[in-house]
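Trainee: Have a peek at run-v8.txt (compact mmCIF, C-alpha atoms and all ligand atoms).
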```txt
# COMPACT_ATOMS: atom_id res chain seq x y z
CA MET A 1 3.80 62.11 14.84
CA GLN A 2 2.13 61.44 18.14
CA PHE A 3 -0.69 59.08 19.02
CA GLY A 4 -2.92 60.75 21.52
CA HIS A 5 -5.96 59.10 23.00
CA ARG A 6 -8.05 60.54 20.14
CA HIS A 7 -6.16 58.27 17.73
CA VAL A 8 -6.91 55.00 19.55
CA PRO A 9 -10.30 54.36 17.88
CA MET A 10 -8.58 54.80 14.50
CA LEU A 11 -6.03 52.14 15.40
CA VAL A 12 -8.76 49.75 16.48
CA VAL A 13 -10.57 50.26 13.17
CA GLU A 14 -7.33 49.62 11.25
CA ALA A 15 -6.64 46.47 13.26
CA GLY A 16 -10.17 45.25 12.58
CA ARG A 17 -9.68 45.78 8.85
CA ALA A 18 -6.36 43.94 8.88
CA TYR A 19 -7.96 41.02 10.73
CA ARG A 20 -10.81 40.85 8.19
CA ARG A 21 -8.31 40.95 5.32
CA TRP A 22 -6.43 38.05 6.93
CA ARG A 23 -9.63 36.08 7.50
CA ALA A 24 -10.71 36.66 3.92
CA LYS A 25 -7.75 34.60 2.79
CA GLY A 26 -9.62 31.57 4.16
CA PRO A 27 -9.00 28.77 6.63
CA ARG A 28 -5.70 27.01 6.94
CA LEU A 29 -5.34 24.11 4.49
CA GLY A 30 -5.44 21.61 7.33
CA ASP A 31 -8.91 22.84 8.33
CA TYR A 32 -10.31 23.03 4.82
CA ALA A 33 -13.02 20.43 4.33
CA PRO A 34 -15.10 21.31 1.27
CA ALA A 35 -18.33 19.34 0.89
CA SER A 36 -19.19 18.44 -2.69
CA THR A 37 -22.43 19.94 -3.98
CA LEU A 38 -22.77 17.40 -6.78
CA GLU A 39 -25.99 15.43 -6.67
CA VAL A 40 -24.80 12.15 -8.15
CA PRO A 41 -25.73 8.50 -7.59
CA VAL A 42 -24.41 6.86 -4.44
CA THR A 43 -24.28 3.07 -4.62
CA PRO A 44 -23.44 1.53 -1.28
CA ILE A 45 -21.85 -1.91 -1.60
CA GLN A 46 -21.97 -3.87 1.63
CA ARG A 47 -20.30 -7.06 0.42
CA ALA A 48 -17.78 -7.82 -2.28
CA CYS A 49 -19.59 -9.38 -5.25
CA PHE A 50 -17.20 -12.38 -5.17
CA PRO A 51 -15.63 -14.05 -2.11
CA ALA A 52 -12.64 -11.75 -1.83
CA VAL A 53 -9.05 -12.43 -0.87
CA ASN A 54 -7.53 -9.39 0.81
CA PHE A 55 -3.96 -9.87 -0.36
CA HIS A 56 -2.36 -7.08 1.66
CA THR A 57 -3.11 -6.94 5.39
CA HIS A 58 -1.09 -6.55 8.57
CA LEU A 59 -2.20 -8.86 11.34
CA GLY A 60 1.04 -9.48 13.18
CA ARG A 61 2.97 -7.70 15.87
CA TRP A 62 6.11 -6.26 14.44
CA LEU A 63 4.48 -3.01 13.31
CA SER A 64 2.89 -2.21 16.68
CA PRO A 65 4.98 0.04 18.88
CA ASP A 66 4.31 -2.10 21.97
CA GLY A 67 4.59 -5.49 20.25
CA SER A 68 0.88 -6.30 20.61
CA TRP A 69 -1.18 -7.89 17.82
CA THR A 70 -2.51 -5.28 15.39
CA GLU A 71 -5.88 -7.08 15.40
CA GLN A 72 -6.63 -7.80 19.03
CA ASP A 73 -9.57 -10.08 18.49
CA VAL A 74 -9.53 -12.68 15.70
CA ARG A 75 -13.22 -13.56 16.20
CA SER A 76 -14.40 -10.02 15.46
CA LEU A 77 -12.04 -9.87 12.51
CA LEU A 78 -13.69 -13.02 11.12
CA ASP A 79 -17.12 -11.45 11.72
CA LEU A 80 -16.03 -8.39 9.75
CA MET A 81 -14.75 -10.62 6.94
CA ASP A 82 -18.04 -12.56 6.86
CA ALA A 83 -20.08 -9.36 6.84
CA CYS A 84 -18.12 -8.02 3.86
CA ASN A 85 -17.68 -11.30 1.93
CA VAL A 86 -13.93 -11.37 2.47
CA GLU A 87 -13.12 -15.04 2.33
CA SER A 88 -9.49 -14.83 3.35
CA MET A 89 -6.65 -12.48 4.15
CA VAL A 90 -2.94 -12.54 3.52
CA ASN A 91 -1.10 -11.60 6.70
CA LEU A 92 2.17 -9.96 5.69
CA ASP A 93 3.66 -9.87 9.18
CA GLY A 94 4.96 -13.39 9.70
CA ARG A 95 8.63 -12.61 10.38
CA TRP A 96 10.56 -15.85 10.94
CA GLY A 97 11.28 -18.49 13.59
CA ARG A 98 9.25 -18.25 16.74
CA GLU A 99 7.28 -15.19 15.70
CA LEU A 100 6.28 -16.92 12.46
CA GLU A 101 5.08 -19.89 14.51
CA GLU A 102 2.96 -17.59 16.66
CA ASN A 103 1.39 -16.02 13.58
CA LEU A 104 0.69 -19.40 11.99
CA GLU A 105 -0.85 -20.71 15.23
CA ARG A 106 -3.04 -17.68 15.74
CA TYR A 107 -4.27 -17.39 12.15
CA ASP A 108 -3.51 -20.06 9.54
CA ARG A 109 -3.79 -23.15 11.73
CA ALA A 110 -6.63 -21.89 13.93
CA HIS A 111 -8.68 -20.78 10.90
CA PRO A 112 -7.64 -22.78 7.83
CA ALA A 113 -8.30 -21.16 4.45
CA ARG A 114 -9.18 -17.85 6.12
CA PHE A 115 -5.62 -16.63 6.68
CA PHE A 116 -2.35 -17.05 4.78
CA THR A 117 0.75 -15.78 6.51
CA PHE A 118 3.80 -14.58 4.61
CA CYS A 119 7.24 -14.64 6.21
CA HIS A 120 10.10 -12.15 6.21
CA VAL A 121 13.81 -12.79 6.27
CA ASP A 122 16.29 -11.28 8.69
CA TRP A 123 18.47 -8.92 6.65
CA ARG A 124 21.10 -8.92 9.41
CA LEU A 125 22.14 -12.33 8.06
CA LEU A 126 23.74 -10.45 5.18
CA GLU A 127 26.51 -9.29 7.51
CA ARG A 128 27.82 -12.85 7.45
CA PRO A 129 29.89 -14.10 4.51
CA GLU A 130 27.42 -16.90 3.81
CA GLY A 131 24.48 -14.44 4.24
CA PRO A 132 22.93 -14.87 0.77
CA GLU A 133 22.59 -18.64 1.24
CA LEU A 134 21.34 -18.16 4.82
CA LEU A 135 18.50 -15.96 3.54
CA ALA A 136 17.46 -18.67 1.09
CA LYS A 137 17.62 -21.32 3.85
CA SER A 138 15.53 -19.13 6.15
CA LEU A 139 12.85 -18.83 3.49
CA GLU A 140 12.87 -22.59 2.94
CA ARG A 141 12.44 -23.21 6.67
CA SER A 142 9.58 -20.73 6.87
CA VAL A 143 7.80 -22.28 3.89
CA ALA A 144 8.24 -25.73 5.44
CA ALA A 145 6.63 -24.36 8.62
CA GLY A 146 3.64 -23.09 6.63
CA ALA A 147 4.44 -19.61 5.29
CA ARG A 148 2.64 -19.03 1.98
CA GLY A 149 4.85 -16.31 0.57
CA LEU A 150 7.70 -13.94 1.23
CA LYS A 151 7.10 -10.30 2.14
CA VAL A 152 9.82 -7.77 1.39
CA TRP A 153 9.40 -4.35 2.87
CA LYS A 154 10.59 -1.00 1.56
CA ASP A 155 13.54 -0.97 3.96
CA ILE A 156 15.24 -2.78 1.08
CA GLY A 157 16.57 -0.06 -1.12
CA THR A 158 16.29 2.67 1.51
CA GLN A 159 17.63 1.48 4.89
CA VAL A 160 19.08 -2.00 4.84
CA ARG A 161 22.86 -1.93 4.64
CA ALA A 162 25.18 -4.88 4.70
CA GLN A 163 28.94 -4.77 4.86
CA GLY A 164 28.74 -1.03 4.43
CA ARG A 165 26.66 -1.06 1.26
CA LEU A 166 23.02 -0.14 0.78
CA VAL A 167 21.13 -3.21 -0.41
CA LEU A 168 18.92 -2.62 -3.44
CA PRO A 169 16.43 -5.22 -4.65
CA ASP A 170 18.71 -6.17 -7.53
CA ASP A 171 21.75 -6.62 -5.28
CA GLU A 172 23.48 -9.86 -6.27
CA ARG A 173 23.48 -10.91 -2.61
CA LEU A 174 19.70 -11.32 -2.76
CA ALA A 175 19.67 -13.49 -5.89
CA PRO A 176 19.65 -16.82 -3.98
CA LEU A 177 16.63 -15.62 -2.00
CA TRP A 178 14.61 -14.77 -5.12
CA GLU A 179 15.60 -18.10 -6.68
CA ALA A 180 14.55 -19.97 -3.53
CA ALA A 181 11.11 -18.34 -3.65
CA GLY A 182 10.78 -19.62 -7.22
CA SER A 183 11.85 -23.16 -6.38
CA GLN A 184 9.61 -23.22 -3.30
CA GLY A 185 6.69 -22.04 -5.40
CA VAL A 186 5.77 -19.07 -3.20
CA PRO A 187 5.13 -15.51 -4.39
CA VAL A 188 7.27 -12.58 -3.27
CA LEU A 189 5.20 -9.59 -2.25
CA MET A 190 7.59 -6.72 -2.65
CA HIS A 191 7.01 -3.21 -1.35
CA VAL A 192 9.65 -0.95 -2.84
CA ALA A 193 9.78 2.86 -2.78
CA ASP A 194 6.85 5.14 -1.98
CA PRO A 195 4.48 7.45 -3.86
CA VAL A 196 6.38 9.62 -6.34
CA ALA A 197 5.30 12.71 -4.39
CA PHE A 198 7.38 11.52 -1.43
CA PHE A 199 10.46 11.86 -3.61
CA SER A 200 9.63 15.47 -4.48
CA GLN A 201 10.22 18.63 -2.45
CA ALA A 202 7.77 19.09 0.44
CA ASP A 203 6.73 22.52 -0.77
CA ARG A 204 3.49 24.21 -1.82
CA SER A 205 3.43 22.32 -5.12
CA ASN A 206 3.58 18.86 -3.54
CA GLU A 207 0.25 17.05 -3.92
CA ARG A 208 0.84 15.07 -0.73
CA LEU A 209 2.25 17.89 1.34
CA GLU A 210 0.07 17.38 4.41
CA GLU A 211 1.04 13.72 4.61
CA LEU A 212 4.71 14.52 4.14
CA LEU A 213 4.60 17.09 6.90
CA ARG A 214 2.81 14.61 9.15
CA TRP A 215 5.19 11.71 8.61
CA ARG A 216 8.34 13.57 7.55
CA GLN A 217 8.81 10.83 5.01
CA GLN A 218 10.50 12.75 2.24
CA HIS A 219 13.25 10.82 0.52
CA ARG A 220 16.58 12.29 -0.32
CA GLY A 221 17.74 11.77 -3.84
CA GLY A 222 14.55 13.00 -5.46
CA LYS A 223 12.88 11.36 -8.42
CA GLU A 224 16.15 9.88 -9.65
CA ARG A 225 16.16 7.79 -6.49
CA PHE A 226 12.59 6.69 -7.17
CA HIS A 227 13.46 5.59 -10.69
CA LYS A 228 16.53 3.77 -9.45
CA LEU A 229 14.39 1.74 -7.04
CA ILE A 230 11.71 0.99 -9.63
CA GLY A 231 14.42 0.05 -12.12
CA ALA A 232 15.92 -2.34 -9.55
CA VAL A 233 12.55 -4.08 -9.19
CA GLU A 234 12.33 -4.50 -12.94
CA THR A 235 15.84 -5.96 -13.05
CA VAL A 236 14.91 -8.53 -10.41
CA VAL A 237 11.64 -9.48 -12.11
CA ALA A 238 13.48 -9.87 -15.43
CA ARG A 239 16.39 -11.87 -14.00
CA HIS A 240 14.29 -14.28 -11.95
CA SER A 241 11.64 -15.25 -14.43
CA GLY A 242 10.86 -18.45 -12.52
CA THR A 243 9.82 -16.46 -9.47
CA THR A 244 6.47 -14.70 -9.13
CA PHE A 245 6.59 -11.12 -7.85
CA VAL A 246 3.63 -9.12 -6.62
CA ALA A 247 4.49 -5.43 -6.33
CA ALA A 248 2.70 -3.84 -3.40
CA HIS A 249 0.74 -0.63 -3.90
CA GLY A 250 0.78 -0.95 -7.66
CA LEU A 251 4.54 -0.22 -7.80
CA TYR A 252 4.13 2.97 -9.86
CA PRO A 253 0.41 3.74 -10.05
CA GLU A 254 1.13 7.30 -11.11
CA ASN A 255 2.19 5.90 -14.47
CA LEU A 256 -0.18 3.26 -15.78
CA SER A 257 1.48 2.97 -19.17
CA TYR A 258 4.67 1.96 -17.37
CA LEU A 259 2.68 -0.70 -15.51
CA ALA A 260 1.14 -1.94 -18.75
CA GLY A 261 4.67 -2.29 -20.12
CA MET A 262 5.70 -4.33 -17.07
CA PHE A 263 2.72 -6.64 -17.55
CA GLU A 264 3.62 -7.02 -21.23
CA ARG A 265 7.28 -7.74 -20.61
CA TYR A 266 7.05 -10.02 -17.55
CA PRO A 267 4.47 -12.76 -17.12
CA ASN A 268 5.79 -13.26 -13.55
CA PHE A 269 4.83 -9.72 -12.53
CA PHE A 270 1.66 -8.84 -10.57
CA VAL A 271 0.49 -5.90 -8.48
CA ASP A 272 -1.80 -5.39 -5.51
CA ILE A 273 -4.00 -2.30 -5.26
CA ALA A 274 -3.55 -1.71 -1.53
CA TRP A 275 -4.03 1.98 -0.78
CA VAL A 276 -3.73 2.91 -4.43
CA HIS A 277 -7.45 2.95 -5.15
CA LEU A 278 -6.83 6.62 -4.46
CA GLN A 279 -4.33 6.80 -7.34
CA LEU A 280 -6.28 4.60 -9.74
CA GLY A 281 -9.61 6.21 -8.94
CA ARG A 282 -8.47 9.66 -10.01
CA GLN A 283 -7.55 8.39 -13.50
CA PRO A 284 -10.56 6.12 -13.93
CA ARG A 285 -10.48 5.71 -17.71
CA ALA A 286 -6.82 4.69 -17.85
CA ALA A 287 -7.22 2.52 -14.75
CA ARG A 288 -10.28 0.74 -16.11
CA ASP A 289 -8.44 0.13 -19.34
CA LEU A 290 -5.53 -1.41 -17.42
CA PHE A 291 -7.86 -3.77 -15.50
CA LEU A 292 -9.58 -4.81 -18.74
CA ARG A 293 -6.30 -5.46 -20.52
CA TYR A 294 -4.56 -7.27 -17.65
CA PRO A 295 -7.32 -8.71 -15.45
CA GLY A 296 -5.16 -11.67 -14.48
CA ARG A 297 -2.36 -9.60 -13.02
CA ILE A 298 -4.02 -7.39 -10.40
CA VAL A 299 -5.05 -8.47 -6.89
CA PHE A 300 -7.29 -6.79 -4.35
CA GLY A 301 -5.77 -5.63 -1.05
CA THR A 302 -6.25 -2.84 1.48
CA ASP A 303 -3.21 -2.48 3.76
CA VAL A 304 -5.00 -0.51 6.50
CA PHE A 305 -4.82 -1.84 10.05
CA PRO A 306 -6.86 -2.46 12.04
CA LEU A 307 -9.17 -3.12 9.11
CA ARG A 308 -12.49 -1.25 9.03
CA GLU A 309 -15.78 -2.12 7.34
CA GLY A 310 -16.21 1.43 6.11
CA LEU A 311 -12.94 1.33 4.26
CA LEU A 312 -13.51 -2.10 2.72
CA ARG A 313 -16.82 -0.83 1.35
CA ILE A 314 -15.10 2.11 -0.32
CA TYR A 315 -12.85 -0.35 -2.16
CA PHE A 316 -15.92 -2.33 -3.27
CA ARG A 317 -17.61 0.85 -4.46
CA PHE A 318 -14.47 1.86 -6.32
CA LEU A 319 -14.16 -1.48 -8.11
CA GLU A 320 -17.81 -2.33 -8.72
CA THR A 321 -19.76 0.89 -9.32
CA ALA A 322 -19.78 3.79 -11.77
CA ASP A 323 -20.25 6.29 -8.93
CA GLU A 324 -18.46 9.55 -9.40
CA TYR A 325 -16.42 11.84 -7.20
CA PHE A 326 -16.43 10.22 -3.77
CA SER A 327 -13.92 10.09 -0.95
CA TYR A 328 -11.33 7.33 -0.96
CA THR A 329 -11.48 7.12 2.82
CA ASP A 330 -14.04 6.90 5.62
CA GLU A 331 -12.06 9.43 7.62
CA PRO A 332 -13.31 13.04 7.79
CA LEU A 333 -10.38 14.39 5.76
CA PRO A 334 -8.50 12.61 2.98
CA GLY A 335 -5.04 12.10 4.43
CA SER A 336 -3.15 11.02 1.30
CA GLY A 337 -3.84 13.88 -1.07
CA ARG A 338 -6.76 16.22 -1.54
CA TRP A 339 -8.77 14.68 -4.28
CA ASN A 340 -11.75 12.38 -4.78
CA ILE A 341 -12.11 9.22 -6.83
CA TYR A 342 -14.39 7.64 -9.44
CA GLY A 343 -15.68 4.09 -9.60
CA LEU A 344 -14.26 1.74 -12.26
CA ASP A 345 -17.49 -0.18 -12.91
CA LEU A 346 -15.54 -3.34 -13.72
CA PRO A 347 -17.32 -6.22 -15.44
CA SER A 348 -18.02 -9.26 -13.39
CA GLU A 349 -15.44 -11.51 -15.09
CA VAL A 350 -12.72 -8.99 -14.20
CA LEU A 351 -13.97 -8.60 -10.63
CA GLU A 352 -13.93 -12.35 -10.15
CA LYS A 353 -10.24 -12.43 -11.07
CA VAL A 354 -9.20 -9.36 -9.10
CA TYR A 355 -11.10 -10.28 -5.94
CA SER A 356 -10.53 -13.97 -5.94
CA ALA A 357 -9.08 -16.10 -8.75
CA ASN A 358 -5.72 -14.35 -9.15
CA ALA A 359 -4.96 -14.39 -5.43
CA ASN A 360 -6.03 -18.00 -5.05
CA ALA A 361 -3.78 -18.99 -7.94
CA LEU A 362 -0.85 -17.14 -6.34
CA LEU A 363 -1.48 -18.82 -2.99
CA GLY A 364 -1.89 -22.25 -4.51
CA MET A 365 1.29 -22.44 -6.55
CA GLY A 366 3.35 -24.83 -4.45
CA PRO A 367 6.73 -26.44 -5.23
CA GLY A 368 7.32 -27.13 -8.89
CA LYS A 369 4.42 -24.90 -9.85
CA ASN A 370 5.97 -21.51 -9.55
CA VAL A 371 3.80 -19.51 -11.93
CA PRO A 372 0.07 -19.28 -11.21
CA ALA A 373 -2.22 -21.12 -13.59
ZN ZN B 1 1.51 -2.87 3.93
```
As structure tokens, what does this structure read like?
Mentor:
Amino acid sequence: MQFGHRHVPMLVVEAGRAYRRWRAKGPRLGDYAPASTLEVPVTPIQRACFPAVNFHTHLGRWLSPDGSWTEQDVRSLLDLMDACNVESMVNLDGRWGRELEENLERYDRAHPARFFTFCHVDWRLLERPEGPELLAKSLERSVAAGARGLKVWKDIGTQVRAQGRLVLPDDERLAPLWEAAGSQGVPVLMHVADPVAFFSQADRSNERLEELLRWRQQHRGGKERFHKLIGAVETVVARHSGTTFVAAHGLYPENLSYLAGMFERYPNFFVDIAWVHLQLGRQPRAARDLFLRYPGRIVFGTDVFPLREGLLRIYFRFLETADEYFSYTDEPLPGSGRWNIYGLDLPSEVLEKVYSANANALLGMGPGKNVPA
């Protein structure tokens, strides 16, 4: 078969058809931005209805690639807090030693009652034979300097190794540290694991595929690994009943009956809702039920840095209104899964606890008073 010049128009027509067939399949997922056609109430909330404590923020330097402060200007941060009725923020970036001092100077001491800095410990100490006791001593020094809690990041359980062994939260070598937090009367804010979807294959069925492809965060070991980490948290909370633990990001917000069980079993167990309004808000009936049953165990927090007014107001709308089907972010595309959320319409006595009373009790424990009133 030969293609003479008389056949060229035929080929062009065929190519045009093929292109239209390809286009008809639609835009690439990354470009897809459907606008809801629902005409439903929109209730803007400018200010939290109680003076809020944002229990999960990053104001330090260790997360910035160039070592600069994540919030460059404390004055404008305070203005933002005032505008949104955020009374205080917990800064989870204190580190230890000199860097802790710099955080305390810049925030807690310069603006008393507006900022509460949590410290970290240096896991490299675990390479030394007396490492477990050194961690406890480090925490005691940091609390004496003014740290109001201990932050543990998800590198525990995934990256931190000592003497050749991966260190899980329930590793015996960490027991003195958890005990020290209890005797010092400071809460441990513990971020362990990641969303369950990060432990699943990054394939077409993964509900957080775009995020996984962006961050390449997939964990080896699959869901078994996830359950091992969550189980390790439970072991620690059970073993150290005199220490108060706040699990960051709701620990396992994909499974609210598991969380209810944790609240039932362990009075020293709390959660923050930082960046899981998007999980809670897509199961609004179960989430509301959880807040109503355990109002004293959940604290407000956001996690995003630098903090934005638009995002704070989405959290307020989520907690305070009965609005339906709205975006969990102020960004043009939802980056953590393609769904919308529903407001929880929480009663005022629950909001008062979640925004304010629970966090203030956790921050005000002090030595000898290691469980919040
Ligand atoms: Zn965080």
Trainee: Counting only C-alpha atoms and all ligand atoms, what residues are within 10 Å of ligand ZN 1 (chain B), given as a list in words?
Mentor: Phe55, His56, Thr57, His58, Leu63, Asn91, Leu92, Asp93, Lys151, Val152, Trp153, Lys154, Leu189, Met190, His191, Ala248, His249, Ala274, Trp275, Gly301, Thr302, Asp303, Val304 and Phe305 of chain A
Trainee: State, in Å with one decimal place, the distance from atom CA of His277 of chain A to atom CA of Glu224 of chain A.
Mentor: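 Going from atom CA of His277 of chain A over to atom CA of Glu224 of chain A, I get 25.0 Å.
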Trainee: Mind pulling up the distance from atom CA of His240 of chain A to atom CA of Leu125 of chain A?
Mentor: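 If I compute the distance from atom CA of Leu125 of chain A to atom CA of His240 of chain A, I get 21.6 Å.
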Trainee: Taking (14.9, -19.0, 0.5) in the coordinates of the supplied file, I want to know which residues reach to within 9 Å of it, counting all atoms listed in the file; could you give the answer as a list in words?
Mentor: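 The answer, in the requested form, is Val121, Glu133, Leu134, Leu135, Ala136, Lys137, Ser138, Leu139, Glu140, Arg141, Ser142, Val143, Leu150, Pro176, Leu177, Trp178, Glu179, Ala180, Ala181, Gly182, Ser183 and Gln184 of chain A.
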Trainee: Considering only C-alpha atoms, state which residue in the set A:Met10, A:Leu80, A:Leu278, A:Ala357 is at the smallest distance from Ala52 of chain A.
Mentor: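 Among the listed residues, A:Ala357 lies closest to Ala52 of chain A.
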Trainee: Find the residue from A:Pro295, A:Leu77, A:Val276, A:Ala33 that sits nearest to Phe263 of chain A; use all atoms listed in the file when measuring.
Mentor: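 Nearest to Phe263 of chain A: A:Pro295.
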Trainee: Taking all atoms listed in the file into account, produce a table as CSV in which each residue of segment 236-330 of chain A with an atom at most 12 Å from an atom of segment 168-172 of chain A appears once, together with its shortest atom pair and the distance in Å to one decimal, ordered by chain and rising number.
Mentor:
```
residue,atom,partner,partner_atom,distance
A:Val236,CA,A:Asp170,CA,5.3
A:Val237,CA,A:Asp170,CA,9.1
A:Ala238,CA,A:Asp170,CA,10.2
A:Arg239,CA,A:Asp170,CA,8.9
A:His240,CA,A:Asp170,CA,10.2
A:Phe245,CA,A:Pro169,CA,11.9
```
Trainee: Nearest to Pro132 of chain A: which of A:Val167, A:Ala18, A:Phe118, A:Glu254 is it, counting all atoms listed in the file?
Mentor: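 Checking each of A:Val167, A:Ala18, A:Phe118, A:Glu254 against Pro132 of chain A, counting all atoms listed in the file, the winner is A:Val167.
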Trainee: Neighbouring residues of segment 156-158 of chain A were defined as those with any atom within 12 Å, considering all atoms listed in the file; residues of the same chain fewer than 5 positions away were excluded. Please report them as a VMD selection string.
Mentor: chain A and resid 120 to 124 151 165 to 171 174 190 to 194 217 to 221 225 to 233
Trainee: Could you pull the residues within 10 Å of Leu311 of chain A, counting all atoms listed in the file, minus those fewer than 6 positions along the same chain, as a PDB file with C-alpha atoms, keeping the file's coordinate frame?
Mentor:
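Writing done, so here's part-v3.pdb:
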```pdb
ATOM      1  CA  THR A 302      -6.250  -2.840   1.480  1.00  0.00           C
ATOM      2  CA  VAL A 304      -5.000  -0.510   6.500  1.00  0.00           C
ATOM      3  CA  ARG A 317     -17.610   0.850  -4.460  1.00  0.00           C
ATOM      4  CA  TYR A 328     -11.330   7.330  -0.960  1.00  0.00           C
ATOM      5  CA  THR A 329     -11.480   7.120   2.820  1.00  0.00           C
ATOM      6  CA  ASP A 330     -14.040   6.900   5.620  1.00  0.00           C
ATOM      7  CA  GLU A 331     -12.060   9.430   7.620  1.00  0.00           C
TER       8      GLU A 331
END
```
Trainee: With all atoms listed in the file as the counted atoms, please give the residues lying no more than 9 Å from Tyr266 of chain A, apart from itself and same-chain residues fewer than 2 positions off, as a list in words.
Mentor: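 My list of contacting residues is Glu234, Val237, Ala238, Ser241, Gly261, Met262, Phe263, Glu264, Asn268, Phe269 and Phe270 of chain A.
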Trainee: Quick one: of A:Thr321, A:Thr43, A:Ser327, A:Ser336, who's nearest to Ser348 of chain A, counting only C-alpha atoms?
Mentor: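 Looking only at the distances to Ser348 of chain A, the closest residue turns out to be A:Thr321.
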Trainee: For atom CA of Ala83 of chain A and atom CA of Tyr315 of chain A, quote the distance in Å rounded to one decimal.
Mentor: 14.6 Å
